>>> print(open('start_23.cif').read())   # mmCIF, C-alpha atoms
data_protein
#
loop_
_atom_site.label_atom_id
_atom_site.label_comp_id
_atom_site.auth_asym_id
_atom_site.auth_seq_id
_atom_site.Cartn_x
_atom_site.Cartn_y
_atom_site.Cartn_z
CA MET V 113 1.56 140.11 -82.56
CA LEU V 114 1.42 138.10 -85.80
CA PHE V 115 2.61 134.99 -83.91
CA LEU V 116 -0.02 135.53 -81.23
CA ALA V 117 -2.71 136.04 -83.80
CA LEU V 118 -1.81 132.79 -85.53
CA LEU V 119 -1.76 130.97 -82.19
CA PHE V 120 -5.15 132.31 -81.14
CA GLY V 121 -6.54 131.55 -84.56
CA LEU V 122 -5.41 127.96 -84.23
CA VAL V 123 -7.00 127.75 -80.80
CA ALA V 124 -10.24 129.32 -81.82
CA GLY V 125 -10.52 127.34 -85.03
CA GLN V 126 -10.21 130.13 -87.56
CA ASP V 127 -7.40 132.22 -88.99
CA ASP V 128 -8.74 135.74 -88.38
CA ALA V 129 -8.72 135.62 -84.57
CA ILE V 130 -7.04 138.69 -83.07
CA THR V 131 -6.39 139.99 -79.58
CA SER V 132 -6.97 143.45 -78.20
CA GLU V 133 -5.61 143.94 -74.68
CA GLN V 134 -7.53 141.40 -72.54
CA TRP V 135 -9.97 140.43 -75.33
CA LEU V 136 -10.00 137.82 -78.07
CA ILE V 137 -12.04 138.67 -81.16
CA THR V 138 -13.13 135.62 -83.14
CA PHE V 139 -16.23 134.36 -84.92
CA ASN V 140 -17.57 137.92 -84.82
CA THR V 141 -17.55 137.64 -81.03
CA THR V 142 -15.42 139.27 -78.37
CA ILE V 143 -14.56 137.14 -75.36
CA PHE V 144 -12.48 137.78 -72.25
CA TRP V 145 -8.94 136.48 -72.72
CA PRO V 146 -6.98 136.66 -69.44
CA SER V 147 -3.18 136.63 -69.41
CA SER V 148 -1.20 134.90 -66.70
CA THR V 149 0.92 137.99 -66.02
CA ASP V 150 -2.11 139.67 -64.43
CA TYR V 151 -2.61 136.86 -61.89
CA PHE V 152 0.65 136.40 -60.02
CA TYR V 153 -0.58 135.72 -56.47
CA GLY V 154 2.76 135.96 -54.75
CA PRO V 155 6.45 136.64 -55.49
CA THR V 156 7.81 136.03 -58.99
CA THR V 157 11.31 135.48 -57.65
CA GLY V 158 12.61 133.24 -54.93
CA PRO V 159 11.63 129.70 -53.84
CA SER V 160 7.87 130.26 -54.30
CA ALA V 161 8.10 131.78 -57.78
CA SER V 162 7.51 128.51 -59.65
CA ILE V 163 4.31 127.84 -57.69
CA VAL V 164 3.05 131.37 -58.26
CA SER V 165 3.78 131.12 -62.00
CA CYS V 166 2.21 127.66 -62.22
CA ASN V 167 -0.98 128.88 -60.60
CA ALA V 168 -1.07 131.91 -62.90
CA ALA V 169 -0.76 129.61 -65.93
CA TRP V 170 -3.69 127.55 -64.73
CA VAL V 171 -5.77 130.68 -64.03
CA GLU V 172 -5.07 131.81 -67.60
CA TRP V 173 -5.89 128.42 -69.13
CA SER V 174 -9.08 127.92 -67.11
CA GLY V 175 -10.33 131.44 -67.85
CA ARG V 176 -9.71 131.08 -71.58
CA SER V 177 -11.23 127.59 -71.64
CA SER V 178 -14.41 128.88 -70.02
CA GLU V 179 -14.71 131.70 -72.54
CA LEU V 180 -14.16 129.37 -75.51
CA ARG V 181 -16.88 127.05 -74.24
CA SER V 182 -19.26 130.00 -74.29
CA LEU V 183 -18.88 130.04 -78.09
CA GLY V 184 -20.71 126.71 -78.20
CA ALA V 185 -19.80 123.17 -79.16
CA THR V 186 -17.77 122.37 -82.24
CA ALA V 187 -18.78 118.73 -82.69
CA THR V 188 -19.96 115.59 -80.94
CA SER V 189 -18.19 112.27 -80.49
CA THR V 190 -20.18 109.04 -80.25
CA SER V 191 -18.92 105.85 -78.63
CA LEU V 192 -20.50 102.56 -77.62
CA GLY V 193 -20.41 101.12 -74.12
CA SER V 194 -21.84 98.05 -72.41
CA TYR V 195 -22.80 96.84 -68.97
CA ALA V 196 -23.71 93.50 -67.45
CA THR V 197 -27.39 92.62 -67.06
CA SER V 198 -29.16 89.91 -65.10
CA GLU V 199 -32.70 88.60 -64.79
CA GLY V 200 -34.14 86.12 -62.35
CA ALA V 201 -32.76 84.81 -59.09
CA CYS V 202 -29.07 85.52 -59.70
CA ARG V 203 -28.59 86.54 -56.06
CA THR V 204 -30.41 85.60 -52.88
CA SER V 205 -30.67 87.17 -49.46
CA VAL V 206 -31.85 85.25 -46.38
CA SER V 207 -33.08 87.12 -43.30
CA LEU V 208 -35.67 86.95 -40.54
CA GLU V 209 -39.10 88.29 -41.42
CA ARG V 210 -39.80 91.98 -40.87
CA TYR V 211 -42.89 94.18 -40.74
CA SER V 212 -43.19 94.31 -44.55
CA ASP V 213 -43.02 90.52 -45.08
CA THR V 214 -45.96 88.14 -45.34
CA HIS V 215 -46.24 85.75 -42.40
CA THR V 216 -47.12 82.28 -43.67
CA GLY V 217 -47.23 80.49 -40.32
CA ALA V 218 -49.78 80.24 -37.54
CA LEU V 219 -51.70 83.33 -36.44
CA THR V 220 -54.01 84.06 -33.54
CA THR V 221 -56.14 86.99 -32.43
CA LEU V 222 -56.65 87.59 -28.72
CA CYS V 223 -58.85 90.02 -26.79
CA ASP V 224 -57.16 93.09 -28.25
CA GLY V 225 -58.25 92.13 -31.79
CA VAL V 226 -54.72 92.37 -33.23
CA PRO V 227 -53.33 89.44 -35.29
CA ARG V 228 -50.31 87.78 -33.68
CA ALA V 229 -47.74 85.60 -35.39
CA LEU V 230 -47.15 82.49 -33.31
CA GLY V 231 -43.69 81.12 -32.77
CA PRO V 232 -40.33 82.60 -33.71
CA ARG V 233 -39.89 84.75 -36.80
CA GLU V 234 -39.79 82.93 -40.09
CA THR V 235 -36.87 82.94 -42.49
CA VAL V 236 -37.47 85.02 -45.60
CA THR V 237 -35.53 84.48 -48.83
CA GLN V 238 -35.43 87.31 -51.34
CA TYR V 239 -34.31 86.94 -54.93
CA TYR V 240 -32.48 89.60 -56.93
CA PRO V 241 -33.24 91.07 -59.32
CA GLY V 242 -36.37 88.89 -59.28
CA PRO V 243 -37.75 85.36 -59.20
CA GLY V 244 -37.21 82.76 -61.90
CA GLN V 245 -34.19 81.33 -63.65
CA CYS V 246 -31.04 83.46 -63.62
CA VAL V 247 -30.13 84.81 -67.04
CA THR V 248 -27.09 87.06 -67.50
CA GLY V 249 -25.92 89.07 -70.46
CA TYR V 250 -24.75 92.46 -71.66
CA SER V 251 -26.58 95.55 -72.82
CA THR V 252 -25.04 98.25 -75.01
CA TYR V 253 -25.58 101.98 -74.89
CA THR V 254 -24.49 105.00 -76.89
CA ASN V 255 -22.41 107.65 -75.17
CA THR V 256 -22.32 111.07 -76.84
CA GLU V 257 -19.59 113.50 -75.82
CA THR V 258 -19.82 117.18 -76.73
CA LEU V 259 -16.57 118.73 -77.94
CA TYR V 260 -15.56 122.35 -77.34
CA ARG V 261 -12.63 124.57 -78.33
CA GLU V 262 -9.82 124.58 -75.83
CA PRO V 263 -6.77 126.83 -75.49
CA THR V 264 -3.33 125.36 -75.91
CA PRO V 265 -1.05 124.37 -74.44
CA ILE V 266 -2.38 122.87 -71.21
CA PRO V 267 -0.03 123.72 -68.32
CA GLU V 268 2.18 120.78 -67.40
CA CYS V 269 3.00 121.91 -63.87
CA THR V 270 1.12 120.59 -60.83
CA LEU V 271 -0.08 122.26 -57.65
CA GLN V 272 -0.15 120.79 -54.15
CA THR V 273 -2.51 121.72 -51.32
CA SER V 274 0.23 122.85 -48.94
CA GLU V 275 1.78 125.05 -51.65
CA CYS V 276 -1.58 126.63 -52.43
CA ILE V 277 -2.29 127.97 -48.95
CA PRO V 278 -0.39 131.28 -49.53
CA ILE V 279 -1.86 131.47 -53.06
CA TRP V 280 -5.40 131.43 -51.66
CA GLN V 281 -4.48 133.84 -48.87
CA THR V 282 -3.05 136.33 -51.38
CA TYR V 283 -6.08 135.94 -53.66
CA SER V 284 -8.48 136.55 -50.76
CA SER V 285 -6.61 139.70 -49.75
CA LEU V 286 -6.46 141.07 -53.32
CA SER V 287 -10.09 140.20 -53.96
CA SER V 288 -11.24 141.94 -50.78
CA SER V 289 -9.25 145.07 -51.63
CA TRP V 290 -10.61 145.09 -55.18
CA ARG V 291 -14.23 144.84 -53.99
CA ASP V 292 -13.68 147.74 -51.61
CA SER V 293 -12.22 149.89 -54.39
CA ILE V 294 -15.06 149.69 -56.93
CA ILE V 295 -18.71 150.64 -57.15
CA THR V 296 -19.67 148.53 -60.16
CA SER V 297 -17.84 145.61 -61.74
CA THR V 298 -16.58 146.09 -65.29
CA PRO V 299 -16.48 142.99 -67.53
CA GLY V 300 -12.91 142.01 -68.39
CA ASP V 301 -11.39 144.13 -65.64
CA THR V 302 -7.91 142.63 -65.22
CA ASN V 303 -7.64 144.27 -61.81
CA SER V 304 -10.32 141.83 -60.62
CA PRO V 305 -8.62 138.74 -59.17
CA ILE V 306 -9.73 135.37 -60.57
CA ALA V 307 -10.08 132.61 -58.02
CA PRO V 308 -7.30 129.99 -58.30
CA TYR V 309 -9.70 127.05 -58.52
CA ASP V 310 -7.04 124.74 -59.96
CA CYS V 311 -5.00 125.23 -56.82
CA PRO V 312 -6.20 122.64 -54.25
CA SER V 313 -7.50 124.25 -51.09
CA THR V 314 -7.76 122.89 -47.59
CA ILE V 315 -11.18 122.10 -46.17
CA ARG V 316 -12.60 125.10 -44.43
CA GLU V 317 -12.82 124.50 -40.71
CA TYR V 318 -15.57 125.72 -38.41
CA PRO V 319 -14.15 125.36 -34.90
CA GLU V 320 -16.46 124.74 -31.98
CA GLU V 321 -15.51 126.24 -28.65
CA ASN V 322 -17.12 123.56 -26.49
CA PRO V 323 -18.99 120.65 -28.15
CA CYS V 324 -19.98 119.40 -24.69
CA SER V 325 -22.15 122.47 -24.03
CA ASN V 326 -24.80 121.22 -26.48
CA CYS V 327 -24.45 117.52 -27.24
CA HIS V 328 -26.20 114.16 -27.52
CA PHE V 329 -25.31 110.53 -26.94
CA LEU V 330 -24.57 107.98 -29.66
CA PRO V 331 -24.88 104.48 -28.20
CA GLY V 332 -23.96 101.33 -30.10
CA THR V 333 -25.80 98.02 -29.79
CA ALA V 334 -27.70 97.96 -26.50
CA THR V 335 -28.89 95.01 -24.40
CA LEU V 336 -31.11 95.16 -21.34
CA PHE V 337 -30.51 92.37 -18.81
CA TYR V 338 -33.55 92.11 -16.51
CA TRP V 339 -35.02 89.86 -13.87
CA PRO V 340 -38.26 88.22 -15.07
CA VAL V 341 -41.49 89.59 -13.68
CA THR V 342 -44.56 87.35 -13.61
CA THR V 343 -48.22 88.17 -13.09
CA ALA V 344 -51.30 86.07 -12.40
CA ASP V 345 -55.07 86.35 -12.89
CA GLY V 346 -54.77 89.31 -15.24
CA ASP V 347 -56.37 90.34 -18.51
CA LEU V 348 -54.11 90.94 -21.51
CA CYS V 349 -56.00 94.02 -22.61
CA LEU V 350 -56.57 95.49 -19.17
CA GLN V 351 -53.04 94.69 -17.97
CA ASN V 352 -54.39 94.20 -14.44
CA GLY V 353 -52.60 91.05 -13.31
CA THR V 354 -51.15 90.59 -9.85
CA THR V 355 -47.35 90.73 -9.71
CA LEU V 356 -45.84 87.62 -8.15
CA PRO V 357 -42.64 87.49 -6.09
CA PRO V 358 -39.60 86.47 -8.17
CA SER V 359 -38.92 82.75 -8.14
CA GLY V 360 -35.67 82.69 -10.10
CA PRO V 361 -32.09 83.21 -8.99
CA SER V 362 -31.02 86.41 -7.21
CA THR V 363 -27.64 86.49 -8.95
CA ALA V 364 -26.49 85.55 -12.43
CA ILE V 365 -23.04 85.29 -14.01
CA VAL V 366 -22.90 87.07 -17.40
CA ASP V 367 -19.58 86.55 -19.15
CA GLY V 368 -17.78 86.33 -15.84
CA SER V 369 -19.47 89.34 -14.19
CA THR V 370 -22.02 88.99 -11.38
CA PHE V 371 -25.43 90.61 -11.89
CA THR V 372 -27.50 90.97 -8.72
CA SER V 373 -31.30 91.28 -8.31
CA PRO V 374 -33.26 93.56 -8.44
CA THR V 375 -30.82 95.76 -10.40
CA VAL V 376 -31.30 95.75 -14.17
CA TYR V 377 -28.30 96.26 -16.43
CA LEU V 378 -28.22 98.33 -19.60
CA SER V 379 -25.20 97.25 -21.65
CA PHE V 380 -23.62 99.08 -24.62
CA THR V 381 -21.09 97.64 -27.04
CA SER V 382 -19.95 101.26 -27.40
CA ILE V 383 -21.15 104.73 -26.51
CA TYR V 384 -19.85 108.23 -27.16
CA ALA V 385 -21.25 111.78 -27.39
CA TRP V 386 -21.32 114.35 -30.17
CA SER V 387 -22.09 118.01 -30.65
CA ASN V 388 -25.66 118.96 -31.61
CA ARG V 389 -24.40 121.36 -34.28
CA ARG V 390 -26.07 120.67 -37.64
CA GLY V 391 -25.07 123.53 -39.97
CA HIS V 392 -21.43 122.43 -39.98
CA ALA V 393 -19.70 119.26 -38.91
CA GLY V 394 -19.68 118.99 -35.14
CA PHE V 395 -17.08 117.55 -32.81
CA GLN V 396 -16.93 114.77 -30.28
CA CYS V 397 -17.57 115.40 -26.61
CA GLY V 398 -15.37 113.26 -24.40
CA VAL V 399 -14.03 109.93 -25.66
CA ASP V 400 -15.31 106.53 -26.79
CA HIS V 401 -16.30 103.97 -24.18
CA ASN V 402 -16.66 100.30 -25.05
CA ASN V 403 -18.47 97.54 -23.17
CA ALA V 404 -20.10 99.97 -20.73
CA VAL V 405 -22.79 98.67 -18.39
CA ILE V 406 -25.17 100.84 -16.37
CA GLY V 407 -26.82 99.28 -13.32
CA LEU V 408 -30.09 100.87 -12.19
CA HIS V 409 -33.36 100.15 -10.43
CA PRO V 410 -36.17 98.82 -12.67
CA SER V 411 -38.37 101.79 -11.74
CA ASP V 412 -35.84 104.12 -13.38
CA LEU V 413 -36.39 102.54 -16.82
CA THR V 414 -38.40 104.52 -19.37
CA SER V 415 -39.60 103.24 -22.73
CA VAL V 416 -40.24 105.59 -25.66
CA ARG V 417 -42.87 104.88 -28.32
CA GLY V 418 -42.78 106.22 -31.86
CA HIS V 419 -39.22 107.52 -31.70
CA ARG V 420 -36.78 107.74 -34.61
CA ASN V 421 -33.08 108.51 -34.47
CA ALA V 422 -31.84 110.95 -37.10
CA ARG V 423 -29.98 114.20 -37.58
CA TYR V 424 -33.42 115.72 -37.08
CA PRO V 425 -34.96 113.10 -34.79
CA VAL V 426 -38.63 112.29 -34.27
CA TYR V 427 -39.04 112.46 -30.52
CA GLY V 428 -41.26 109.72 -29.14
CA THR V 429 -43.57 109.63 -26.14
CA ALA V 430 -42.14 108.37 -22.84
CA TYR V 431 -43.91 105.66 -20.80
CA PRO V 432 -42.98 103.66 -17.71
CA PHE V 433 -41.16 100.47 -18.64
CA ASN V 434 -43.24 97.42 -17.66
CA LEU V 435 -41.08 94.32 -17.46
CA ALA V 436 -44.17 92.15 -16.91
CA GLU V 437 -45.00 92.60 -20.60
CA PHE V 438 -42.16 90.23 -21.44
CA GLN V 439 -43.57 87.40 -19.37
CA PRO V 440 -43.85 84.19 -21.48
CA HIS V 441 -47.36 82.81 -22.06
CA GLU V 442 -48.45 79.50 -23.49
CA ILE V 443 -50.59 79.85 -26.61
CA GLY V 444 -51.38 76.48 -28.05
CA ALA V 445 -48.10 74.80 -28.95
CA TYR V 446 -46.10 78.02 -28.55
CA THR V 447 -44.60 79.92 -25.62
CA GLN V 448 -43.99 83.63 -26.12
CA SER V 449 -44.55 87.05 -24.60
CA LEU V 450 -47.77 88.92 -25.37
CA ILE V 451 -46.63 92.48 -26.02
CA PRO V 452 -49.65 94.86 -26.07
CA TRP V 453 -50.34 96.48 -29.46
CA PRO V 454 -49.61 100.14 -28.48
CA GLN V 455 -46.20 99.16 -27.12
CA PHE V 456 -45.38 96.96 -30.11
CA GLN V 457 -46.49 99.55 -32.65
CA GLY V 458 -44.24 102.15 -31.00
CA GLY V 459 -41.13 99.96 -30.99
CA SER V 460 -38.10 100.34 -33.23
CA GLN V 461 -39.16 97.43 -35.47
CA CYS V 462 -42.17 99.41 -36.78
CA PRO V 463 -41.01 102.34 -38.98
CA ILE V 464 -42.87 105.63 -38.66
CA GLY V 465 -45.20 106.25 -41.60
CA ASP V 466 -48.41 108.01 -42.62
CA VAL V 467 -50.26 104.78 -41.82
CA ASP V 468 -49.50 101.90 -39.48
CA THR V 469 -46.46 100.13 -40.92
CA CYS V 470 -46.90 97.08 -38.71
CA THR V 471 -50.09 95.11 -39.31
CA MET V 472 -49.52 92.30 -36.80
CA ILE V 473 -47.53 91.53 -33.68
CA ARG V 474 -44.48 89.35 -34.36
CA ASP V 475 -41.76 87.99 -32.15
CA ASP V 476 -39.37 90.87 -32.94
CA TYR V 477 -40.27 93.59 -30.42
CA THR V 478 -37.26 95.82 -29.69
CA PRO V 479 -38.37 98.72 -27.49
CA TRP V 480 -36.77 102.13 -27.47
CA VAL V 481 -35.24 102.92 -24.07
CA LEU V 482 -34.59 106.43 -22.84
CA LEU V 483 -30.99 106.73 -21.72
CA PRO V 484 -31.04 106.93 -17.92
CA GLU V 485 -29.50 109.80 -16.02
CA GLU V 486 -26.79 107.40 -14.89
CA VAL V 487 -25.31 107.44 -18.40
CA ARG V 488 -23.53 110.67 -17.45
CA GLN V 489 -21.33 108.75 -15.02
CA ILE V 490 -19.56 107.07 -17.94
CA ASP V 491 -17.71 110.24 -18.94
CA PRO V 492 -17.20 113.40 -16.85
CA SER V 493 -17.73 115.54 -19.98
CA TRP V 494 -21.35 114.41 -20.47
CA THR V 495 -23.00 116.50 -17.78
CA VAL V 496 -25.48 118.30 -20.07
CA CYS V 497 -25.76 116.01 -23.12
CA ASP V 498 -29.28 115.41 -24.45
CA ARG V 499 -30.54 111.96 -23.39
CA ASP V 500 -33.52 111.69 -25.74
CA TRP V 501 -32.15 112.77 -29.15
CA TYR V 502 -30.49 109.48 -30.10
CA ILE V 503 -31.66 106.55 -27.98
CA PRO V 504 -31.05 102.81 -28.37
CA PRO V 505 -33.47 100.03 -29.28
CA VAL V 506 -32.66 97.25 -26.83
CA THR V 507 -32.52 93.50 -27.04
CA MET V 508 -34.12 92.02 -23.94
CA VAL V 509 -32.28 89.22 -22.12
CA ALA V 510 -33.95 87.64 -19.06
CA LEU V 511 -31.70 86.80 -16.12
CA ASP V 512 -33.57 83.56 -15.51
CA ARG V 513 -30.53 81.32 -15.19
CA GLU V 514 -27.54 81.33 -12.89
CA GLU V 515 -25.11 81.66 -15.80
CA ILE V 516 -25.73 83.40 -19.13
CA THR V 517 -23.34 83.58 -22.06
CA VAL V 518 -23.40 86.47 -24.51
CA THR V 519 -21.02 87.50 -27.28
CA SER V 520 -17.77 88.45 -25.56
CA THR V 521 -15.32 91.15 -26.60
CA PRO V 522 -11.61 91.34 -25.74
CA GLU V 523 -12.03 94.53 -23.69
CA PRO V 524 -13.16 94.38 -20.04
CA THR V 525 -16.67 95.39 -19.07
CA LYS V 526 -16.94 98.76 -17.31
CA PHE V 527 -19.73 99.15 -14.72
CA PHE V 528 -21.31 102.44 -13.72
CA ALA V 529 -23.84 103.40 -11.05
CA ALA V 530 -24.86 100.19 -9.28
CA VAL V 531 -21.68 98.05 -9.35
CA PRO V 532 -22.36 94.36 -8.68
CA GLN V 533 -20.02 92.15 -6.75
CA GLY V 534 -17.32 90.84 -9.01
CA GLY V 535 -17.67 93.73 -11.43
CA VAL V 536 -14.67 95.21 -13.18
CA THR V 537 -13.67 98.79 -12.43
CA ALA V 538 -13.69 101.38 -15.18
CA VAL V 539 -10.69 101.96 -17.39
CA THR V 540 -9.77 104.94 -19.54
CA ALA V 541 -11.00 104.70 -23.11
CA ALA V 542 -9.05 105.83 -26.15
CA PRO V 543 -10.16 108.91 -28.11
CA THR V 544 -11.69 108.46 -31.52
CA SER V 545 -11.63 110.24 -34.88
CA THR V 546 -14.36 112.45 -36.33
CA ARG V 547 -17.73 110.74 -36.67
CA GLY V 548 -21.25 111.22 -35.46
CA TRP V 549 -24.16 113.54 -36.12
#
>>> encode(input="start_23.cif", output="structure tokens")
Amino acid sequence: MLFLALLFGLVAGQDDAITSEQWLITFNTTIFWPSSTDYFYGPTTGPSASIVSCNAAWVEWSGRSSELRSLGATATSTSLGSYATSEGACRTSVSLERYSDTHTGALTTLCDGVPRALGPRETVTQYYPGPGQCVTGYSTYTNTETLYREPTPIPECTLQTSECIPIWQTYSSLSSSWRDSIITSTPGDTNSPIAPYDCPSTIREYPEENPCSNCHFLPGTATLFYWPVTTADGDLCLQNGTTLPPSGPSTAIVDGSTFTSPTVYLSFTSIYAWSNRRGHAGFQCGVDHNNAVIGLHPSDLTSVRGHRNARYPVYGTAYPFNLAEFQPHEIGAYTQSLIPWPQFQGGSQCPIGDVDTCTMIRDDYTPWVLLPEEVRQIDPSWTVCDRDWYIPPVTMVALDREEITVTSTPEPTKFFAAVPQGGVTAVTAAPTSTRGW
């Protein structure tokens, strides 16, 4: 007992520290002082004994350390640190103008009263951390560390996750039995198991019986290949022009595949489906599919205005998709489409906000497209997946030439629904790891 008293006195920082059962009395204060022998979560003999003893040592050390910290800090330690600083244009970023940038080029206002930027989007250069000459240097700061009493010695053994599985199982069983055996908890009760927090635990799993019973799609980059529609003698604001018969080609070769009029083609660099579960991580429904193309009739296209993809999405309002809105018009020295303001404001390039985030119409309209029913043909598991939770903004590509080149990928294109002549048949895609939301 004299040896223990001297040891505890050294730990606590004074010579009159004494122990009484599971308590340490020091600085006129009594604190809980657990002993490892009360926390053997498993056999003390045999191949697992060293792991059980190691965990018990860490339970003892952690419990005593926590109690000593409750006595308050003993001192503070001050050190100096530094970090790099910069002012002026030390970095630059070049991008095409967006809704929040100032358009410095030509503008026009047509019958709808909305300003329109003429010509392609301008290039915007941003300077970080700000404009002006770049000046770099260092700034110093003071770091103050609070020091507390700690028990000694610190256990030198280590614990591995696989070894800790039976430790946690034993603790859970003992803890459950202890809770069932008492009415009120008594401070310092050594019969109460202490959680082995220094023993690494596996991530708790929440299995899902069938992620395909409540799921949504997650498309990658989407492109809509369409046949140009032209109108004549119409008013921009009234949208009452007369549709003219198509004058362009009836077939087009896109990266070696034949696209045939009047079918439009919705192409995905990738697409997969995921469980709708939000409280815990969900699971994938089906497998990944790359370079998938859906062929459908233009009347089956639906645009969505004011939509936002998210774990908790903002569902937009569905409207018929009018391909005539993408018809090029000549405005002075420029040729561009005249997207109506309601459609432009509801596109993916205008973030949702309390006020209108877009203040003019620019040449960057990327409409939201509701995934067509035909998307379910890509994977037999997708029979009930939600089509309007996560939808793609699409880049529009007019099939106005007999041959069109887009960025190719090494994998073959897989066609679904309307399969054009020369199309490639579907192949089985490889499963993927956990992702999605």
>>> closest_residue(input="start_23.cif", among="V:Asp301, V:Asp491, V:Glu209, V:Glu317", to="Gln134 (chain V)", atoms="all atoms listed in the file")
V:Asp301
>>> resolve_selection(input="start_23.cif", expression="the PyMOL selection byres ((chain V and resi 196) around 12)", output="mmCIF file with C-alpha atoms, in the coordinates of the input")
data_model
loop_
_atom_site.group_PDB
_atom_site.id
_atom_site.type_symbol
_atom_site.label_atom_id
_atom_site.label_comp_id
_atom_site.auth_asym_id
_atom_site.auth_seq_id
_atom_site.Cartn_x
_atom_site.Cartn_y
_atom_site.Cartn_z
ATOM 1 C CA GLY V 193 -20.410 101.120 -74.120
ATOM 2 C CA SER V 194 -21.840 98.050 -72.410
ATOM 3 C CA TYR V 195 -22.800 96.840 -68.970
ATOM 4 C CA THR V 197 -27.390 92.620 -67.060
ATOM 5 C CA SER V 198 -29.160 89.910 -65.100
ATOM 6 C CA GLU V 199 -32.700 88.600 -64.790
ATOM 7 C CA VAL V 247 -30.130 84.810 -67.040
ATOM 8 C CA THR V 248 -27.090 87.060 -67.500
ATOM 9 C CA GLY V 249 -25.920 89.070 -70.460
ATOM 10 C CA TYR V 250 -24.750 92.460 -71.660
ATOM 11 C CA SER V 251 -26.580 95.550 -72.820
ATOM 12 C CA THR V 252 -25.040 98.250 -75.010
ATOM 13 C CA TYR V 253 -25.580 101.980 -74.890
#
>>> closest_residue(input="start_23.cif", among="V:Gly391, V:Pro479, V:Pro278, V:Pro241", to="Ala161 (chain V)", atoms="all atoms listed in the file")
V:Pro278
>>> closest_residue(input="start_23.cif", among="V:Pro232, V:Pro425, V:Gly175, V:Pro463", to="Gln448 (chain V)", atoms="only C-alpha atoms")
V:Pro232
>>> residues_near_point(input="start_23.cif", point="(-20.5, 99.2, -26.4)", cutoff="12 Å", atoms="all atoms listed in the file", output="MDAnalysis selection string")
chainID V and resid 330:335 378:384 400:406 490 504 519:527 541
>>> atom_distance(input="start_23.cif", atom1="CA of Leu230 (chain V)", atom2="CA of Asp512 (chain V)")
22.4 Å
>>> atom_distance(input="start_23.cif", atom1="CA of Cys202 (chain V)", atom2="CA of Val236 (chain V)")
16.4 Å
>>> atom_distance(input="start_23.cif", atom1="CA of Thr370 (chain V)", atom2="CA of Arg513 (chain V)")
12.1 Å
>>> resolve_selection(input="start_23.cif", expression="the PyMOL selection byres ((chain V and resi 454) around 12)", output="list in words")
Asp224, Val226, Cys349, Ser415, Val416, Arg417, Gly418, Thr429, Tyr431, Glu437, Leu450, Ile451, Pro452, Trp453, Gln455, Phe456, Gln457, Gly458, Gly459, Cys462, Asp468, Cys470, Thr471, Met472, Ile473, Tyr477 and Pro479 of chain V
>>> build_atoms(input="start_23.cif", residues="region 272-283 of chain V", atoms="N, CA and C atoms", output="mmCIF file, in the coordinates of the input")
data_model
loop_
_atom_site.group_PDB
_atom_site.id
_atom_site.type_symbol
_atom_site.label_atom_id
_atom_site.label_comp_id
_atom_site.auth_asym_id
_atom_site.auth_seq_id
_atom_site.Cartn_x
_atom_site.Cartn_y
_atom_site.Cartn_z
ATOM 1 N N GLN V 272 0.140 121.563 -55.345
ATOM 2 C CA GLN V 272 -0.150 120.790 -54.150
ATOM 3 C C GLN V 272 -0.894 121.664 -53.133
ATOM 4 N N THR V 273 -1.683 120.994 -52.291
ATOM 5 C CA THR V 273 -2.510 121.720 -51.320
ATOM 6 C C THR V 273 -1.675 122.610 -50.410
ATOM 7 N N SER V 274 -0.587 122.074 -49.870
ATOM 8 C CA SER V 274 0.230 122.850 -48.940
ATOM 9 C C SER V 274 0.835 124.078 -49.621
ATOM 10 N N GLU V 275 1.199 123.935 -50.917
ATOM 11 C CA GLU V 275 1.780 125.050 -51.650
ATOM 12 C C GLU V 275 0.745 126.113 -51.974
ATOM 13 N N CYS V 276 -0.526 125.710 -52.004
ATOM 14 C CA CYS V 276 -1.580 126.630 -52.430
ATOM 15 C C CYS V 276 -2.133 127.494 -51.303
ATOM 16 N N ILE V 277 -1.764 127.183 -50.073
ATOM 17 C CA ILE V 277 -2.290 127.970 -48.950
ATOM 18 C C ILE V 277 -1.942 129.458 -49.105
ATOM 19 N N PRO V 278 -0.673 129.842 -49.348
ATOM 20 C CA PRO V 278 -0.390 131.280 -49.530
ATOM 21 C C PRO V 278 -1.009 131.843 -50.802
ATOM 22 N N ILE V 279 -1.192 131.005 -51.834
ATOM 23 C CA ILE V 279 -1.860 131.470 -53.060
ATOM 24 C C ILE V 279 -3.274 131.935 -52.738
ATOM 25 N N TRP V 280 -4.023 131.081 -52.016
ATOM 26 C CA TRP V 280 -5.400 131.430 -51.660
ATOM 27 C C TRP V 280 -5.452 132.628 -50.713
ATOM 28 N N GLN V 281 -4.507 132.700 -49.797
ATOM 29 C CA GLN V 281 -4.480 133.840 -48.870
ATOM 30 C C GLN V 281 -4.244 135.143 -49.623
ATOM 31 N N THR V 282 -3.316 135.127 -50.578
ATOM 32 C CA THR V 282 -3.050 136.330 -51.380
ATOM 33 C C THR V 282 -4.254 136.694 -52.225
ATOM 34 N N TYR V 283 -4.871 135.675 -52.844
ATOM 35 C CA TYR V 283 -6.080 135.940 -53.660
ATOM 36 C C TYR V 283 -7.171 136.566 -52.804
#
